[in-house]
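A.B. asks: Got a structure for you, written out below as structure tokens; questions coming shortly.
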Amino acid sequence: MSAQLAAFKVPVIENEPLPCLISSAENYAPGSPERAALQAAITQMEQELPFEVPIIINGEPVRHNGQARKAADPSDHARYLCTYHEADETTVARAIDGAIAAKAQWEAMPWADRAAIFLKAADLISKKYRYRLIAAPCLARIDAAAELADFFRFGVKYVEELYSQQPPRNSGGAWNRVEYRPLEGFVLAPSPAATYSNYIVHQVLTEAGVPPGVIQFVPGPPPEVVAQAIAHRQFAALHFTGSTFVFKKLWKDIALNIDNYKSYPRIVGETGGKNFHVVHKSAEIRNAVLQSVRAAFEYQGQKCSALSRLYVSASAWEGGFKDQFLKETAKIRVGPPQNFDSFMGPVIGKPAFDKIIEYIRKAHEAGGEILVGGGGDDSLGYFVQPTVIVSKDPRSITMREEIFGPVVTVYVYEDDDFDKTLDLIDTTSEYALTGAIFASERQALIRATNKLRHAAGNVYYNEKCTGAVVGQQPFGGARASGTNDKAGSMAIYYRFVSTRSIKENFVGLEEFEYPSNLV
């Protein structure tokens, strides 16, 4: 038992500087110390390849040599990033039992100590581990370390604010309060196939002081691991990021197990997106062009928030947007992310490469005109050219379905059809994640905002539809895009606690009868 003898306040939380939002040498410009440090980390990691990644159960490494798999470097698939050990059924069961056993110690740890662990983890990420995290080839994003540090720091801030939400009134002789209990069981958080970078994060959390067993590291075949977890009686929550199809299946599987659970599981999901830019005739063309290039092709379009459908007024399209957009897109260099002049790297793997190329083929067969790109090369790595398609059919396949790659489809609308186009945007796709409106006329922004109120969980004015910053733009979408619980805000933490109301009475009763019972 540890006494807490003060009401502690966490330090003032600020965003870690994001390279994409600053213009100084800190954005890895040539000759900067940041670029030199990153290059050194990349060189060191390439010399150390391939890494071995064990399973971590209750703080101890577990290896199954007969069940080890290799993760290829997507920019050079003949080279392996790591060999990782896969958990079998027995190991997954140990992980679940260990997490449940560790829960009591973690729950009893004073809030200030839990907060300190995650604040320390954030500092480790932003300093000691920063360049190693950035250099991990499967991550390949120079803002990833900053974003992760932000999630840890702002998470502490938001939980502090959550704990401060207390009943505003107390009747005479009583004190009311609320505590925010952790869920009664364990939380399953499936992650994408960035096994090595996830392993580094687990190492960071261990070094920061997370007790053994609180967070188990269990790489393995996702269907089998997930199925075993959600079949467990003490399964408490699913925190999912991935495809809409898989999320819907998991939701159904959880529903089929509902009679088995100790409590009703919480389900939180952030899934796909078919994100839009709409360019009004009054838009500032140069800004709309550059914002659209970044939104469509940063990170090879492999962001759930990436731009994939672009609606441009006819006068803007012919008045410079088309020429500038194609010219800027043609400048994009595609290559290994280790090369600083590569604006785009490879897509994540062979299945993604094949899917993207197939969508481009289908769009062409359906009458779409490919203005830029349209091809790919998987001889060395999984590289897809940035591709711009113009479609006369606003409901064509690449205007409706998520591609998750560097492909954007343009629909040019008549200036007088702005309202009709807004209705198209709202009804064409099942998704509702992000969108952007480009206009200099305030009334156009208002009209679009009102008509597209439910078409996106994050909407931007004269700014690209990607790049939500923790603590500034809470992120999430509805409809088929997820449960819109808003990562990067206090809202999401409500989903992983179970509140208990406490009333303490200070003055005892003298009689059981009420005054109304007297005669």
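Numbering starts fresh at 1 for the residues of each chain in the structure tokens, the chains themselves are lettered A, B, ... in the order given, and ligands are numbered from 1 as they appear.
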Report as a VMD selection string: the residues of region 433-479 of chain A with a DSSP assignment of strand (DSSP E or B), based on the backbone of this structure.
C.D. replies: chain A and resid 434 to 438 458 to 461 475 478 to 479
A.B. asks: Keeping only N, CA, C and O atoms, write the selected residues to a file as a PDB file, in the first residue's frame.
C.D. replies:
ATOM      1  N   THR A 434     -12.628  11.559 -43.007  1.00  0.00           N
ATOM      2  CA  THR A 434     -12.122  12.930 -43.117  1.00  0.00           C
ATOM      3  C   THR A 434     -12.535  13.553 -44.440  1.00  0.00           C
ATOM      4  O   THR A 434     -12.857  12.867 -45.406  1.00  0.00           O
ATOM      5  N   GLY A 435     -12.487  14.874 -44.459  1.00  0.00           N
ATOM      6  CA  GLY A 435     -12.788  15.614 -45.672  1.00  0.00           C
ATOM      7  C   GLY A 435     -12.282  17.033 -45.552  1.00  0.00           C
ATOM      8  O   GLY A 435     -11.998  17.520 -44.442  1.00  0.00           O
ATOM      9  N   ALA A 436     -12.137  17.704 -46.681  1.00  0.00           N
ATOM     10  CA  ALA A 436     -11.649  19.084 -46.688  1.00  0.00           C
ATOM     11  C   ALA A 436     -12.443  19.907 -47.691  1.00  0.00           C
ATOM     12  O   ALA A 436     -12.820  19.410 -48.764  1.00  0.00           O
ATOM     13  N   ILE A 437     -12.679  21.156 -47.330  1.00  0.00           N
ATOM     14  CA  ILE A 437     -13.432  22.088 -48.165  1.00  0.00           C
ATOM     15  C   ILE A 437     -12.518  23.260 -48.484  1.00  0.00           C
ATOM     16  O   ILE A 437     -11.977  23.906 -47.578  1.00  0.00           O
ATOM     17  N   PHE A 438     -12.346  23.537 -49.773  1.00  0.00           N
ATOM     18  CA  PHE A 438     -11.496  24.646 -50.203  1.00  0.00           C
ATOM     19  C   PHE A 438     -12.374  25.718 -50.834  1.00  0.00           C
ATOM     20  O   PHE A 438     -13.004  25.494 -51.873  1.00  0.00           O
ATOM     21  N   ASN A 458     -13.766  14.301 -39.166  1.00  0.00           N
ATOM     22  CA  ASN A 458     -12.787  15.396 -39.149  1.00  0.00           C
ATOM     23  C   ASN A 458     -12.913  16.154 -40.456  1.00  0.00           C
ATOM     24  O   ASN A 458     -12.741  15.574 -41.534  1.00  0.00           O
ATOM     25  N   VAL A 459     -13.220  17.431 -40.372  1.00  0.00           N
ATOM     26  CA  VAL A 459     -13.352  18.246 -41.580  1.00  0.00           C
ATOM     27  C   VAL A 459     -12.399  19.437 -41.467  1.00  0.00           C
ATOM     28  O   VAL A 459     -12.173  19.970 -40.385  1.00  0.00           O
ATOM     29  N   TYR A 460     -11.820  19.805 -42.596  1.00  0.00           N
ATOM     30  CA  TYR A 460     -10.796  20.855 -42.630  1.00  0.00           C
ATOM     31  C   TYR A 460     -11.200  21.924 -43.644  1.00  0.00           C
ATOM     32  O   TYR A 460     -11.708  21.603 -44.716  1.00  0.00           O
ATOM     33  N   TYR A 461     -10.946  23.172 -43.301  1.00  0.00           N
ATOM     34  CA  TYR A 461     -11.190  24.289 -44.208  1.00  0.00           C
ATOM     35  C   TYR A 461      -9.855  24.757 -44.785  1.00  0.00           C
ATOM     36  O   TYR A 461      -8.960  25.176 -44.048  1.00  0.00           O
ATOM     37  N   PHE A 475      -9.383  12.692 -33.358  1.00  0.00           N
ATOM     38  CA  PHE A 475      -9.503  11.994 -34.633  1.00  0.00           C
ATOM     39  C   PHE A 475     -10.455  10.807 -34.554  1.00  0.00           C
ATOM     40  O   PHE A 475     -10.408  10.015 -33.627  1.00  0.00           O
ATOM     41  N   ALA A 478     -17.334   8.234 -38.317  1.00  0.00           N
ATOM     42  CA  ALA A 478     -18.501   7.396 -38.052  1.00  0.00           C
ATOM     43  C   ALA A 478     -18.874   6.620 -39.318  1.00  0.00           C
ATOM     44  O   ALA A 478     -18.050   6.398 -40.184  1.00  0.00           O
ATOM     45  N   ARG A 479     -20.140   6.208 -39.391  1.00  0.00           N
ATOM     46  CA  ARG A 479     -20.595   5.316 -40.455  1.00  0.00           C
ATOM     47  C   ARG A 479     -19.646   4.114 -40.519  1.00  0.00           C
ATOM     48  O   ARG A 479     -19.298   3.543 -39.476  1.00  0.00           O
TER      49      ARG A 479
END
A.B. asks: Looking only at helix (DSSP H, G or I) from DSSP on the backbone, list the matching residues of region 110-147 of chain A as an NGL selection string.
C.D. replies: :A and (111-126 or 130-135 or 144-147)
A.B. asks: For those residues, write N, CA, C and O atoms to a file as a compact mmCIF listing (two decimals), in the first residue's frame.
C.D. replies:
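Saved to selection_1.txt:
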# COMPACT_ATOMS: atom_id res chain seq x y z
N TRP A 111 -2.23 6.94 -8.89
CA TRP A 111 -2.34 7.58 -10.20
C TRP A 111 -1.07 8.32 -10.58
O TRP A 111 -0.60 8.25 -11.72
N ALA A 112 -0.46 9.02 -9.65
CA ALA A 112 0.74 9.80 -9.97
C ALA A 112 1.87 8.91 -10.47
O ALA A 112 2.64 9.30 -11.36
N ASP A 113 1.96 7.70 -9.95
CA ASP A 113 3.01 6.79 -10.38
C ASP A 113 2.72 6.23 -11.77
O ASP A 113 3.64 6.08 -12.60
N ARG A 114 1.47 5.91 -12.02
CA ARG A 114 1.12 5.46 -13.38
C ARG A 114 1.35 6.58 -14.39
O ARG A 114 1.86 6.35 -15.50
N ALA A 115 0.99 7.79 -14.01
CA ALA A 115 1.21 8.93 -14.90
C ALA A 115 2.70 9.12 -15.18
O ALA A 115 3.11 9.36 -16.33
N ALA A 116 3.51 9.00 -14.15
CA ALA A 116 4.95 9.19 -14.30
C ALA A 116 5.55 8.19 -15.27
O ALA A 116 6.46 8.52 -16.05
N ILE A 117 5.05 6.97 -15.24
CA ILE A 117 5.56 5.94 -16.15
C ILE A 117 5.34 6.35 -17.60
O ILE A 117 6.25 6.26 -18.45
N PHE A 118 4.16 6.85 -17.91
CA PHE A 118 3.88 7.20 -19.31
C PHE A 118 4.55 8.51 -19.71
O PHE A 118 4.92 8.69 -20.88
N LEU A 119 4.72 9.43 -18.76
CA LEU A 119 5.48 10.64 -19.08
C LEU A 119 6.94 10.29 -19.35
O LEU A 119 7.58 10.86 -20.25
N LYS A 120 7.47 9.35 -18.58
CA LYS A 120 8.84 8.90 -18.84
C LYS A 120 8.94 8.21 -20.19
O LYS A 120 9.89 8.43 -20.96
N ALA A 121 7.95 7.38 -20.52
CA ALA A 121 7.95 6.71 -21.83
C ALA A 121 7.96 7.73 -22.96
O ALA A 121 8.67 7.57 -23.96
N ALA A 122 7.19 8.80 -22.81
CA ALA A 122 7.16 9.84 -23.83
C ALA A 122 8.53 10.49 -23.99
O ALA A 122 8.98 10.76 -25.12
N ASP A 123 9.20 10.75 -22.88
CA ASP A 123 10.54 11.34 -22.96
C ASP A 123 11.55 10.38 -23.58
O ASP A 123 12.44 10.79 -24.33
N LEU A 124 11.43 9.11 -23.28
CA LEU A 124 12.31 8.12 -23.91
C LEU A 124 12.10 8.09 -25.42
O LEU A 124 13.06 7.99 -26.20
N ILE A 125 10.85 8.19 -25.83
CA ILE A 125 10.54 8.17 -27.26
C ILE A 125 11.09 9.42 -27.95
O ILE A 125 11.67 9.35 -29.04
N SER A 126 10.93 10.57 -27.31
CA SER A 126 11.34 11.82 -27.95
C SER A 126 12.83 12.06 -27.89
O SER A 126 13.35 12.92 -28.61
N ARG A 130 14.18 8.04 -30.17
CA ARG A 130 13.53 8.76 -31.26
C ARG A 130 13.97 8.29 -32.65
O ARG A 130 13.14 7.92 -33.49
N TYR A 131 15.25 8.31 -32.91
CA TYR A 131 15.72 8.03 -34.26
C TYR A 131 15.62 6.55 -34.61
O TYR A 131 15.45 6.20 -35.77
N ARG A 132 15.70 5.70 -33.61
CA ARG A 132 15.51 4.28 -33.89
C ARG A 132 14.07 4.00 -34.30
O ARG A 132 13.81 3.20 -35.21
N LEU A 133 13.12 4.64 -33.62
CA LEU A 133 11.72 4.48 -34.01
C LEU A 133 11.46 5.02 -35.41
O LEU A 133 10.73 4.42 -36.20
N ILE A 134 12.04 6.17 -35.71
CA ILE A 134 11.83 6.76 -37.03
C ILE A 134 12.47 5.90 -38.10
O ILE A 134 11.93 5.75 -39.21
N ALA A 135 13.62 5.32 -37.79
CA ALA A 135 14.38 4.58 -38.79
C ALA A 135 13.80 3.21 -39.09
O ALA A 135 14.12 2.63 -40.13
N ALA A 144 6.33 9.96 -36.74
CA ALA A 144 5.72 8.90 -35.94
C ALA A 144 6.15 8.96 -34.49
O ALA A 144 5.34 8.75 -33.58
N ALA A 145 7.43 9.20 -34.23
CA ALA A 145 7.89 9.26 -32.84
C ALA A 145 7.24 10.43 -32.11
O ALA A 145 6.83 10.30 -30.95
N ALA A 146 7.13 11.57 -32.77
CA ALA A 146 6.51 12.73 -32.15
C ALA A 146 5.05 12.45 -31.81
O ALA A 146 4.56 12.80 -30.73
N GLU A 147 4.34 11.81 -32.72
CA GLU A 147 2.93 11.52 -32.50
C GLU A 147 2.74 10.55 -31.33
O GLU A 147 1.85 10.72 -30.50
A.B. asks: Quick one: everything within 6 Å of Val408 (chain A), counting only C-alpha atoms, minus sequence neighbours fewer than 2 positions away in the same chain. Send it as an MDAnalysis selection string.
C.D. replies: chainID A and resid 308:309 388
A.B. asks: Determine, using only C-alpha atoms, which residues of region 298-360 of chain A have any atom at most 12 Å from an atom of region 33-46 of chain A, and tabulate each with its shortest atom pair and distance in Å to one decimal place, rows ordered by chain and then rising number, as JSON lines.
C.D. replies:
{"residue": "A:Pro336", "atom": "CA", "partner": "A:Ile42", "partner_atom": "CA", "distance": 11.8}
{"residue": "A:Pro337", "atom": "CA", "partner": "A:Ile42", "partner_atom": "CA", "distance": 10.0}
{"residue": "A:Gln338", "atom": "CA", "partner": "A:Ile42", "partner_atom": "CA", "distance": 7.0}
{"residue": "A:Asn339", "atom": "CA", "partner": "A:Gln39", "partner_atom": "CA", "distance": 9.3}
{"residue": "A:Phe340", "atom": "CA", "partner": "A:Arg35", "partner_atom": "CA", "distance": 9.0}
A.B. asks: Show which residues sit within 12 Å of Glu14 (chain A), as a list in words. Count only C-alpha atoms, and ignore same-chain residues fewer than 2 positions away.
C.D. replies: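 Skipping anything fewer than 2 positions along the chain leaves Val10, Pro11, Val12, Glu16, Pro17, Leu18, Leu119, Ala122, Ala146, Glu147, Ala149, Asp150, Phe151, Phe152, Arg153, Phe154, Gly155, Val156, Lys157, Val469, Val470, Gly471 and Gln472 of chain A.
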A.B. asks: Write out as a PDB file with C-alpha atoms, in the first residue's frame the residues lying within 6 Å of region 341-352 of chain A, counting only C-alpha atoms and excluding same-chain residues fewer than 2 positions away.
C.D. replies:
ATOM      1  CA  PRO A  74       8.807  -3.698 -48.329  1.00  0.00           C
ATOM      2  CA  SER A  75      11.377  -1.535 -50.119  1.00  0.00           C
ATOM      3  CA  GLN A 300       1.927   6.281 -50.203  1.00  0.00           C
ATOM      4  CA  ARG A 333      10.102  10.736 -56.315  1.00  0.00           C
ATOM      5  CA  VAL A 334       9.295   7.148 -55.418  1.00  0.00           C
ATOM      6  CA  GLY A 335      11.981   5.073 -53.723  1.00  0.00           C
ATOM      7  CA  PRO A 336      13.248   3.524 -50.487  1.00  0.00           C
ATOM      8  CA  PRO A 337      12.272   5.581 -47.435  1.00  0.00           C
ATOM      9  CA  ASN A 339      16.587   7.960 -49.256  1.00  0.00           C
ATOM     10  CA  ASP A 354      -1.667  -6.310 -56.046  1.00  0.00           C
ATOM     11  CA  LYS A 355      -4.872  -4.765 -54.705  1.00  0.00           C
ATOM     12  CA  TYR A 382       6.458  -2.853 -53.645  1.00  0.00           C
ATOM     13  CA  PHE A 383       6.472   0.520 -55.378  1.00  0.00           C
TER      14      PHE A 383
END
A.B. asks: So which residues touch Pro219 (chain A) within 9 Å, counting only C-alpha atoms, skipping near sequence neighbours fewer than 4 positions away, as a list in words?
C.D. replies: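 Near Pro219 (chain A), the qualifying residues are Val53, Pro54, Ile55, Tyr84, His85, Glu86, Ala87, Ala193, Thr195 and Val225 of chain A.
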A.B. asks: Ranking A:Val407, A:Cys82, A:Pro221, A:Thr499 by minimum distance to Gln67 (chain A) and counting only C-alpha atoms, which one comes first?
C.D. replies: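 Counting only C-alpha atoms, the residue closest to Gln67 (chain A) is A:Pro221.
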A.B. asks: Name the residues in contact with Leu452 (chain A) at a cut-off of 8 Å, using only C-alpha atoms, excluding same-chain residues fewer than 6 positions from it; report them as a list in words.
C.D. replies: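 Selected residues are Leu422, Asp423, Ile425 and Asp426 of chain A.
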A.B. asks: For the residues selected in the previous step, produce a file with C-alpha atoms as a PDB file, in the first residue's frame.
C.D. replies:
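Generated output (again-v3.pdb):
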ATOM      1  CA  LEU A 422     -22.117  18.046 -51.924  1.00  0.00           C
ATOM      2  CA  ASP A 423     -25.028  15.584 -51.970  1.00  0.00           C
ATOM      3  CA  ILE A 425     -20.040  13.414 -51.616  1.00  0.00           C
ATOM      4  CA  ASP A 426     -22.405  12.592 -48.762  1.00  0.00           C
TER       5      ASP A 426
END
A.B. asks: Choose the residue, out of A:Gln105, A:Lys262, A:Thr271, A:Val210, that has the smallest atom-to-atom separation from Lys248 (chain A); count only C-alpha atoms.
C.D. replies: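 The shortest atom-to-atom distance to Lys248 (chain A) comes from A:Thr271.
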A.B. asks: With only C-alpha atoms as the basis for distance, which of A:Gly367, A:Gly172, A:Gly405, A:Pro222 is at the shortest distance from Gly273 (chain A)?
C.D. replies: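 Closest candidate: A:Gly405.
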A.B. asks: In Å, rounded to a single decimal, give me how far CA of Glu270 (chain A) is from CA of Phe247 (chain A).
C.D. replies: 8.7 Å
